[in-house]
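Contents: one structure, followed by commentary.
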Amino acid sequence: MSDSSLLIVLSTLSTGLIMGAIFSLVAAGVTIVYGCVWLPNASNGQFFLLAALVVWTFTLSFGWSSLAASLAVIVLGVLLAVVLELVLIRRLYNAPNRNVAYFVVTLGLTQILSGIFSLTYAKWSDQFSVPPVIEGITMLGPFPISNNRLLAMVVSLGVLGLLFALLRYHPYGRALRAVFQNREAAALRGVNVRAIYRLSFVLGSTIIFLGGILFAFAYSFDLSVAWTMSITAFAIMIVGGPGSVLGALVVGMTFGFTQAIVSIFASPTVAMFSYLGAMLIMLLFQPNGLFKR
Amino acid sequence: MKLLEVSGLSKSFGGVAALANVVGHSIEGETLGMIGPNGSGKTTFVNVVSGHVRADRGTLTFAGVNIARMRPHQLAEVGLCRTYQAVRVFSELSTRQNIENARLLLEDRGLGAAEVRELTEWLRLDRNLDKQAGSLTLFEQRRLELLMRLVLKPRLIMLDEPVGGLAVTEVNEMITLLQELKARCSLFVIEHTMRVIRELADRVMVLIAGEKVADGPPSEILQNQRVIDEYLGNAAHA
Amino acid sequence: MTSHSQYGIAAATLVILALPFLLAGNRFLGFVLGMTLISLLWATGMNLLSGFVGLMPLMFAGIAGIAGYAMVYFTRTAGWSFWLAMPVASLLAAIIGVALGLPALRLKGFYFTLCSLVIQSVLTLAFIFFPKFTNGDTGINEIAPPDWFGGTALTGVRFDFALAVAAVAGILFSTWLTQTHLGKKFVAVREDDVLAESIGIDVVRTRITAFFIVSLYAGIGGCFYSAYVGFISPRAFDVLVSLNIWLFVTFGGRGTLLGPIIGTAILAPIPFLLQDLQAFKDILSGTLIILVTLLMPGGIYGAWLKLLSRKRGREVQTTQVREQGV
């Protein structure tokens, strides 16, 4: 194979892996919250963007180190999730048509956040990039990958692995899965369903924030990532199966590679079309997705 | 003449057989009953016959018409309808509006205003016409359910646990009402309390674990050894 | 129909028809009125689907866009009169709307909402990425206003009045619809589709018919929008527009005859009157969406009726809280 084709293959491979890992992470966050609380978070893209933007502010405006910024954003993210749960989310735990109500409420939240962003960040810059956490590049054959991006991928996959282990082995994780499957049965077995709701909302949201942080370190971005991420995450969730972290991983990686491959030939919007198409087909024929929860 | 006829009716969910080769029929003018413990497949049977679920195998006809592939609204046109275990009315609309909705099927071919008024009075809903259906008592809602079915001029009404949730005096009243209802229309009563079946049914089908285990008049069923072993005996624990 | 609604509709009709003349001196207010009237037409249409437990048709704006772009194509490229292009474009949009919406209509609740969001996104992307028809993100400008008698064009106060007539026609049509058997079937299916089917209502056919009519409203509004504003772009017909119309309906009181009128009258003029504070539009809109969902599911009209009934006692509440109707 010629050098240039090899480069293209390696570039596609690495982009696919890195993007896929981040997609999977965010989708896992979205799917946990939906699977457990029946909360489809339409504002997940805005959460993602929020985390990325705040990291930018902390590193560029405040001059903090990337690590400090990340930790700060995680902490703030958890706080935000807790406040949201208190003020907004818990009111609808027993509403009829809960999932539609949540979808609508999060659409409202999306509008609010998007409005805030246009009043603030949109005025400050068109494009945002964050200084790297670690410098340098690694050579994959003839192809250089920034260590920063590698780090993003490794952390994403690592967190996904931890999440998996949590759901399978830790008591909290098992309680979560019990509520996923049947909340009445879980309640009868002594699970504190409301606490699980709280936990899964905070956990899921924090994972989304983490995705945003990692993305900020890997790529430069603009405000439109919020919308594209939202659609991608929902598409992954629906195709992978609502509530299934494994589904989020498999489908997320697939979409990551799709994006990488498509970007060679056409604009990323074509990839977007394909995600929408996949989501549509799934909704119509197999709404439970490919993997069980 | 035979109204409902099923033969070889089978349905499985994920490998578990909810119905296995059920055979049976109902005759016009006769009240058919069906009993069985929880999980015996009664609900599945009703759902299959009323068009909510499609059977895997078997034939299903009503007055000679093949209804196996029909949706519930088509069944209503053929004269077969059902009520629900958990009572279902349009709770946000008024009683009057609920009745009007039921009259939409037959339009001009349906009952005249005088007949509807007579039915409404017989079912003692004439004082509640403007009340929101959701604010009626459970018994009143069950009566409204019956009224909405009668307006369809059905040949057979399947009643899924018609006394569920009612107080003891209301159960007595309901049984009396249903006995009077027999004059207007054939009934198929699905219940798990023997008392209701004994007082209403002319003939009973017993369903246990998806299979029809017995079929005959209530007196005969009560003597059937297998029924006693597998169901009535269990009823003591239920 | 209750006497409330009758008086309300009559009053609304008179006010709507009078407003273009009352505001004749001020073109800015006239424009705000015109935009509000188009929104009112849209809201009246969407209300047909958004009943008590109803569906949230987020693809509404996309369908309006199909009609809007088609109308421009017919008038510019084919040289048709607006008055021929508008019905044809609207019909086309309605047919496409049903075709696109059909598979989604089988789905319940959130899945329907998500599906219609996906369809809307596909439509918006199609508007952007097929520049041959739509000129992409740049949009199409200098769209001519509708032709009128004597070679003149329909502009200014006369156009505002034409919109007022269209809005009133839309309201009266939907009011009439609620009295028909079809209208009652719409309500029954929205309320409890399983029960509706049990009592003999063909749910699928009812949904398709409802969707067709709603899409007509979307399309007609879309054509008027193109001709009135004179400029269209994919942004004019994106999901935010659908969401806003839904907000007008829900805030006013969905499932009622007066709700959409109240909601649109209060909310639609705001983004225009808040000119300098445009950016707050999103925040306000989002906050209202959350408030309406959490605190006021019955909308303003619903809240007012509850208040009335509490003063007069329970019996009154029931017929007036929920009208058998749109």
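Here's how to read the names in the structure tokens: chain A, B, ... by the order shown, residue numbers from 1 in each chain, ligand numbers from 1 in the order shown.
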
List every residue of segment 7-68 of chain B that DSSP, applied to the backbone of this structure, assigns to strand (DSSP E or B), and report them as a PyMOL selection string. chain B and resi 7-13+16-27+32-35+57-62+65-66

Take the residues from that selection and put them in a file with N, CA and C atoms, as an mmCIF file, in the first residue's frame.
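File written: out_16.cif
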data_model
loop_
_atom_site.group_PDB
_atom_site.id
_atom_site.type_symbol
_atom_site.label_atom_id
_atom_site.label_comp_id
_atom_site.auth_asym_id
_atom_site.auth_seq_id
_atom_site.Cartn_x
_atom_site.Cartn_y
_atom_site.Cartn_z
ATOM 1 N N SER B 7 -60.576 -22.663 17.626
ATOM 2 C CA SER B 7 -60.076 -24.021 17.527
ATOM 3 C C SER B 7 -58.576 -23.979 17.323
ATOM 4 N N GLY B 8 -57.888 -24.780 18.115
ATOM 5 C CA GLY B 8 -56.437 -24.861 17.981
ATOM 6 C C GLY B 8 -55.726 -23.554 18.266
ATOM 7 N N LEU B 9 -56.315 -22.706 19.083
ATOM 8 C CA LEU B 9 -55.755 -21.365 19.324
ATOM 9 C C LEU B 9 -54.518 -21.461 20.210
ATOM 10 N N SER B 10 -53.406 -20.954 19.699
ATOM 11 C CA SER B 10 -52.155 -21.019 20.455
ATOM 12 C C SER B 10 -51.428 -19.695 20.377
ATOM 13 N N LYS B 11 -50.780 -19.354 21.467
ATOM 14 C CA LYS B 11 -49.977 -18.117 21.488
ATOM 15 C C LYS B 11 -48.847 -18.279 22.478
ATOM 16 N N SER B 12 -47.643 -17.954 22.040
ATOM 17 C CA SER B 12 -46.491 -17.995 22.950
ATOM 18 C C SER B 12 -45.853 -16.629 23.032
ATOM 19 N N PHE B 13 -45.315 -16.332 24.206
ATOM 20 C CA PHE B 13 -44.541 -15.103 24.377
ATOM 21 C C PHE B 13 -43.141 -15.500 24.782
ATOM 22 N N VAL B 16 -42.643 -18.997 26.066
ATOM 23 C CA VAL B 16 -43.590 -19.504 27.067
ATOM 24 C C VAL B 16 -44.978 -19.544 26.436
ATOM 25 N N ALA B 17 -45.625 -20.700 26.494
ATOM 26 C CA ALA B 17 -46.943 -20.848 25.880
ATOM 27 C C ALA B 17 -48.007 -20.270 26.798
ATOM 28 N N ALA B 18 -48.651 -19.169 26.347
ATOM 29 C CA ALA B 18 -49.727 -18.589 27.144
ATOM 30 C C ALA B 18 -51.045 -19.283 26.815
ATOM 31 N N LEU B 19 -51.175 -19.714 25.567
ATOM 32 C CA LEU B 19 -52.368 -20.451 25.158
ATOM 33 C C LEU B 19 -51.905 -21.661 24.359
ATOM 34 N N ALA B 20 -52.499 -22.815 24.646
ATOM 35 C CA ALA B 20 -52.098 -24.024 23.929
ATOM 36 C C ALA B 20 -53.316 -24.759 23.400
ATOM 37 N N ASN B 21 -53.511 -24.648 22.078
ATOM 38 C CA ASN B 21 -54.578 -25.421 21.428
ATOM 39 C C ASN B 21 -55.945 -25.303 22.089
ATOM 40 N N VAL B 22 -56.371 -24.062 22.320
ATOM 41 C CA VAL B 22 -57.659 -23.887 22.998
ATOM 42 C C VAL B 22 -58.796 -24.057 22.007
ATOM 43 N N VAL B 23 -59.788 -24.826 22.415
ATOM 44 C CA VAL B 23 -60.969 -25.070 21.586
ATOM 45 C C VAL B 23 -62.194 -24.644 22.366
ATOM 46 N N GLY B 24 -63.131 -24.003 21.690
ATOM 47 C CA GLY B 24 -64.348 -23.646 22.421
ATOM 48 C C GLY B 24 -65.315 -22.896 21.530
ATOM 49 N N HIS B 25 -66.503 -22.658 22.051
ATOM 50 C CA HIS B 25 -67.455 -21.876 21.279
ATOM 51 C C HIS B 25 -68.468 -21.257 22.227
ATOM 52 N N SER B 26 -69.175 -20.241 21.714
ATOM 53 C CA SER B 26 -70.279 -19.684 22.491
ATOM 54 C C SER B 26 -71.513 -19.718 21.606
ATOM 55 N N ILE B 27 -72.663 -19.846 22.248
ATOM 56 C CA ILE B 27 -73.919 -19.942 21.495
ATOM 57 C C ILE B 27 -74.759 -18.710 21.770
ATOM 58 N N LEU B 32 -71.659 -17.564 28.326
ATOM 59 C CA LEU B 32 -70.468 -18.394 28.482
ATOM 60 C C LEU B 32 -69.601 -17.791 29.569
ATOM 61 N N GLY B 33 -68.980 -18.646 30.355
ATOM 62 C CA GLY B 33 -68.060 -18.142 31.369
ATOM 63 C C GLY B 33 -66.680 -18.713 31.141
ATOM 64 N N MET B 34 -65.694 -18.038 31.652
ATOM 65 C CA MET B 34 -64.342 -18.577 31.613
ATOM 66 C C MET B 34 -63.687 -18.303 32.943
ATOM 67 N N ILE B 35 -63.137 -19.352 33.541
ATOM 68 C CA ILE B 35 -62.391 -19.145 34.775
ATOM 69 C C ILE B 35 -61.006 -19.768 34.660
ATOM 70 N N ARG B 57 -51.238 -19.586 16.086
ATOM 71 C CA ARG B 57 -51.913 -20.633 15.297
ATOM 72 C C ARG B 57 -53.363 -20.713 15.710
ATOM 73 N N GLY B 58 -54.169 -21.315 14.841
ATOM 74 C CA GLY B 58 -55.549 -21.598 15.223
ATOM 75 C C GLY B 58 -56.547 -20.777 14.429
ATOM 76 N N THR B 59 -57.825 -21.176 14.555
ATOM 77 C CA THR B 59 -58.862 -20.418 13.851
ATOM 78 C C THR B 59 -59.759 -19.708 14.847
ATOM 79 N N LEU B 60 -60.283 -18.633 14.379
ATOM 80 C CA LEU B 60 -61.109 -17.771 15.225
ATOM 81 C C LEU B 60 -62.217 -17.197 14.354
ATOM 82 N N THR B 61 -63.456 -17.609 14.611
ATOM 83 C CA THR B 61 -64.543 -17.050 13.805
ATOM 84 C C THR B 61 -65.652 -16.522 14.696
ATOM 85 N N PHE B 62 -66.433 -15.618 14.162
ATOM 86 C CA PHE B 62 -67.566 -15.045 14.885
ATOM 87 C C PHE B 62 -68.755 -15.015 13.936
ATOM 88 N N VAL B 65 -67.892 -15.585 10.454
ATOM 89 C CA VAL B 65 -66.922 -14.693 9.808
ATOM 90 C C VAL B 65 -65.544 -14.916 10.430
ATOM 91 N N ASN B 66 -64.524 -15.024 9.593
ATOM 92 C CA ASN B 66 -63.166 -15.217 10.106
ATOM 93 C C ASN B 66 -62.647 -13.898 10.687
#

Mind the document's chain letters and residue numbers, and return as a count of residues only the residues of segment 87-196 of chain B that DSSP labels helix (DSSP H, G or I). 55

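Remark: for Leu17 of chain A, the closest of the candidate residues A:Leu151, A:Ala52, A:Val225, A:Leu86 is A:Leu151 (distances computed over only C-alpha atoms).
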
Atom CA of Leu154 of chain C sits from atom CA of Ala169 of chain C at a separation of 18.4 Å

Which chain B residues are at most 9 Å from chain C (counting only C-alpha atoms), as a VMD selection string? chain B and resid 50 52 71 to 77 81 to 83 88 to 94 97 to 98 100 to 107 130 to 133 148 to 149 152

Using the selection just defined, write its residues with C-alpha atoms as a compact mmCIF listing (two decimals), in the first residue's frame.
# COMPACT_ATOMS: atom_id res chain seq x y z
CA SER B 50 -60.65 -9.00 20.88
CA HIS B 52 -55.31 -6.78 20.52
CA ARG B 71 -58.56 -5.04 14.47
CA PRO B 72 -60.80 -4.18 17.43
CA HIS B 73 -62.77 -1.58 15.52
CA GLN B 74 -63.65 -4.10 12.82
CA LEU B 75 -64.79 -6.53 15.50
CA ALA B 76 -67.10 -3.87 16.89
CA GLU B 77 -68.69 -3.64 13.46
CA CYS B 81 -66.81 -6.08 21.84
CA ARG B 82 -65.17 -6.23 25.25
CA THR B 83 -64.73 -4.39 28.51
CA ARG B 88 -61.51 2.27 30.80
CA VAL B 89 -63.50 5.37 30.04
CA PHE B 90 -62.60 8.73 28.52
CA SER B 91 -61.91 10.23 31.91
CA GLU B 92 -61.39 13.82 30.81
CA LEU B 93 -64.67 13.92 28.91
CA SER B 94 -68.17 14.03 30.33
CA GLN B 97 -69.50 12.76 25.58
CA ASN B 98 -68.38 9.21 26.35
CA GLU B 100 -71.64 10.09 22.09
CA ASN B 101 -68.25 8.65 21.20
CA ALA B 102 -69.64 5.14 21.37
CA ARG B 103 -72.49 6.16 19.08
CA LEU B 104 -70.02 7.26 16.38
CA LEU B 105 -69.65 3.75 15.02
CA LEU B 106 -73.22 3.19 13.94
CA GLU B 107 -74.20 6.84 13.34
CA ASP B 130 -72.54 16.20 32.68
CA LYS B 131 -70.04 14.93 35.17
CA GLN B 132 -66.49 14.24 34.11
CA ALA B 133 -66.23 10.50 33.61
CA MET B 148 -70.98 2.40 25.78
CA ARG B 149 -70.94 -1.22 24.61
CA LEU B 152 -72.81 -0.47 19.65

Produce a table with one row for each residue of chain A that has an atom at most 8 Å from any atom of chain C, each row naming the nearest atom pair and its distance in Å at one decimal; use only C-alpha atoms; arrange rows by chain and rising residue number; format as JSON lines.
{"residue": "A:Arg91", "atom": "CA", "partner": "C:Leu294", "partner_atom": "CA", "distance": 7.5}
{"residue": "A:Leu92", "atom": "CA", "partner": "C:Leu294", "partner_atom": "CA", "distance": 7.8}
{"residue": "A:Asn97", "atom": "CA", "partner": "C:Gly109", "partner_atom": "CA", "distance": 6.9}
{"residue": "A:Asn99", "atom": "CA", "partner": "C:Phe110", "partner_atom": "CA", "distance": 5.9}
{"residue": "A:Val100", "atom": "CA", "partner": "C:Phe110", "partner_atom": "CA", "distance": 4.8}
{"residue": "A:Ala101", "atom": "CA", "partner": "C:Thr293", "partner_atom": "CA", "distance": 6.8}
{"residue": "A:Phe103", "atom": "CA", "partner": "C:Phe110", "partner_atom": "CA", "distance": 7.5}
{"residue": "A:Val104", "atom": "CA", "partner": "C:Ile289", "partner_atom": "CA", "distance": 7.3}
{"residue": "A:Val105", "atom": "CA", "partner": "C:Ile290", "partner_atom": "CA", "distance": 5.0}
{"residue": "A:Thr106", "atom": "CA", "partner": "C:Ile290", "partner_atom": "CA", "distance": 7.9}
{"residue": "A:Leu107", "atom": "CA", "partner": "C:Gly286", "partner_atom": "CA", "distance": 7.2}
{"residue": "A:Gly108", "atom": "CA", "partner": "C:Gly286", "partner_atom": "CA", "distance": 3.8}
{"residue": "A:Leu109", "atom": "CA", "partner": "C:Gly286", "partner_atom": "CA", "distance": 5.8}
{"residue": "A:Thr110", "atom": "CA", "partner": "C:Gly286", "partner_atom": "CA", "distance": 7.1}
{"residue": "A:Gln111", "atom": "CA", "partner": "C:Gly286", "partner_atom": "CA", "distance": 4.8}
{"residue": "A:Ile112", "atom": "CA", "partner": "C:Ile283", "partner_atom": "CA", "distance": 4.0}
{"residue": "A:Leu113", "atom": "CA", "partner": "C:Ile283", "partner_atom": "CA", "distance": 7.2}
{"residue": "A:Ser114", "atom": "CA", "partner": "C:Asp282", "partner_atom": "CA", "distance": 7.1}
{"residue": "A:Gly115", "atom": "CA", "partner": "C:Asp282", "partner_atom": "CA", "distance": 4.9}
{"residue": "A:Ile116", "atom": "CA", "partner": "C:Ile283", "partner_atom": "CA", "distance": 6.9}
{"residue": "A:Ser118", "atom": "CA", "partner": "C:Ala279", "partner_atom": "CA", "distance": 6.9}
{"residue": "A:Leu119", "atom": "CA", "partner": "C:Ala279", "partner_atom": "CA", "distance": 6.3}
{"residue": "A:Phe273", "atom": "CA", "partner": "C:Val122", "partner_atom": "CA", "distance": 6.9}
{"residue": "A:Leu276", "atom": "CA", "partner": "C:Val118", "partner_atom": "CA", "distance": 6.1}
{"residue": "A:Met279", "atom": "CA", "partner": "C:Val118", "partner_atom": "CA", "distance": 7.8}
{"residue": "A:Leu280", "atom": "CA", "partner": "C:Cys115", "partner_atom": "CA", "distance": 6.4}
{"residue": "A:Leu283", "atom": "CA", "partner": "C:Cys115", "partner_atom": "CA", "distance": 7.0}
{"residue": "A:Leu284", "atom": "CA", "partner": "C:Pro103", "partner_atom": "CA", "distance": 6.7}

Residue neighbourhood Thr250 of chain C, 10 Å, only C-alpha atoms, exclusion window fewer than 4 positions, as a list in words: Ala43, Asn47, Ser50, Gly51, Phe52, Asn244, Ile245, Trp246, Arg254, Gly255, Thr256, Gly259, Pro260, Gly263, Thr264, Ile289, Val292, Thr293, Met296, Pro297, Gly298, Gly299, Ile300, Tyr301 and Gly302 of chain C

Please produce an output containing C-alpha atoms for each residue in the selection, written as a PDB file, in the first residue's frame.
ATOM      1  CA  ALA C  43     -51.382  27.028  16.190  1.00  0.00           C
ATOM      2  CA  ASN C  47     -53.986  22.060  18.231  1.00  0.00           C
ATOM      3  CA  SER C  50     -52.063  18.219  20.574  1.00  0.00           C
ATOM      4  CA  GLY C  51     -55.047  17.254  22.630  1.00  0.00           C
ATOM      5  CA  PHE C  52     -55.064  16.191  26.209  1.00  0.00           C
ATOM      6  CA  ASN C 244     -42.690  27.627  19.479  1.00  0.00           C
ATOM      7  CA  ILE C 245     -46.054  26.910  17.920  1.00  0.00           C
ATOM      8  CA  TRP C 246     -46.425  23.977  20.305  1.00  0.00           C
ATOM      9  CA  ARG C 254     -54.299  22.683  24.254  1.00  0.00           C
ATOM     10  CA  GLY C 255     -57.326  20.712  23.295  1.00  0.00           C
ATOM     11  CA  THR C 256     -59.584  23.729  23.674  1.00  0.00           C
ATOM     12  CA  GLY C 259     -56.476  28.051  23.999  1.00  0.00           C
ATOM     13  CA  PRO C 260     -54.426  28.488  20.821  1.00  0.00           C
ATOM     14  CA  GLY C 263     -51.533  31.507  23.708  1.00  0.00           C
ATOM     15  CA  THR C 264     -50.617  32.936  20.326  1.00  0.00           C
ATOM     16  CA  ILE C 289     -41.750  25.532  28.096  1.00  0.00           C
ATOM     17  CA  VAL C 292     -45.951  25.204  31.303  1.00  0.00           C
ATOM     18  CA  THR C 293     -45.048  21.545  31.537  1.00  0.00           C
ATOM     19  CA  MET C 296     -49.719  24.632  34.030  1.00  0.00           C
ATOM     20  CA  PRO C 297     -50.441  21.614  31.908  1.00  0.00           C
ATOM     21  CA  GLY C 298     -53.877  23.002  31.133  1.00  0.00           C
ATOM     22  CA  GLY C 299     -52.529  26.275  29.914  1.00  0.00           C
ATOM     23  CA  ILE C 300     -53.971  29.665  30.705  1.00  0.00           C
ATOM     24  CA  TYR C 301     -57.451  28.778  29.549  1.00  0.00           C
ATOM     25  CA  GLY C 302     -57.416  25.615  31.626  1.00  0.00           C
TER      26      GLY C 302
END

Give me the residues near segment 171-186 of chain B as a ChimeraX atom specification, where near means some atom within 12 Å (using only C-alpha atoms) and where sequence neighbours in that chain fewer than 2 positions away do not count. /B:1-4,26-33,79-82,119,122-124,138-140,142-143,146-147,149-159,161-169,188-189,193,195-202

Give me the residues near Phe48 of chain A as a PyMOL selection string, where near means some atom within 6 Å (using only C-alpha atoms) and where sequence neighbours in that chain fewer than 4 positions away do not count. chain A and resi 208-209+212

Thr124 of chain C environment, 7 Å, only C-alpha atoms, sequence neighbours closer than 5 positions dropped, as a PyMOL selection string: chain C and resi 62+234+238

C-alpha atoms of the current selection, written as a PDB file, in the first residue's frame:
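And here's result.pdb as it stands now:
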ATOM      1  CA  GLY C  62     -40.755  21.127   8.018  1.00  0.00           C
ATOM      2  CA  PRO C 234     -34.056  26.698   6.282  1.00  0.00           C
ATOM      3  CA  ASP C 238     -36.742  24.480  11.641  1.00  0.00           C
TER       4      ASP C 238
END

Straight-line distance linking atom CA of Ser135 of chain B with atom CA of Arg98 of chain A, stated in Å to one decimal: 22.7 Å

Could you work out how far atom CA of Gly256 of chain A lies from atom CA of Gly16 of chain A, giving the answer in Å with one decimal? 4.7 Å

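Proximity of A:Ile196, A:Leu214, A:Val251, A:Leu53 to Gly35 of chain A, computed with only C-alpha atoms, is greatest for A:Ile196.
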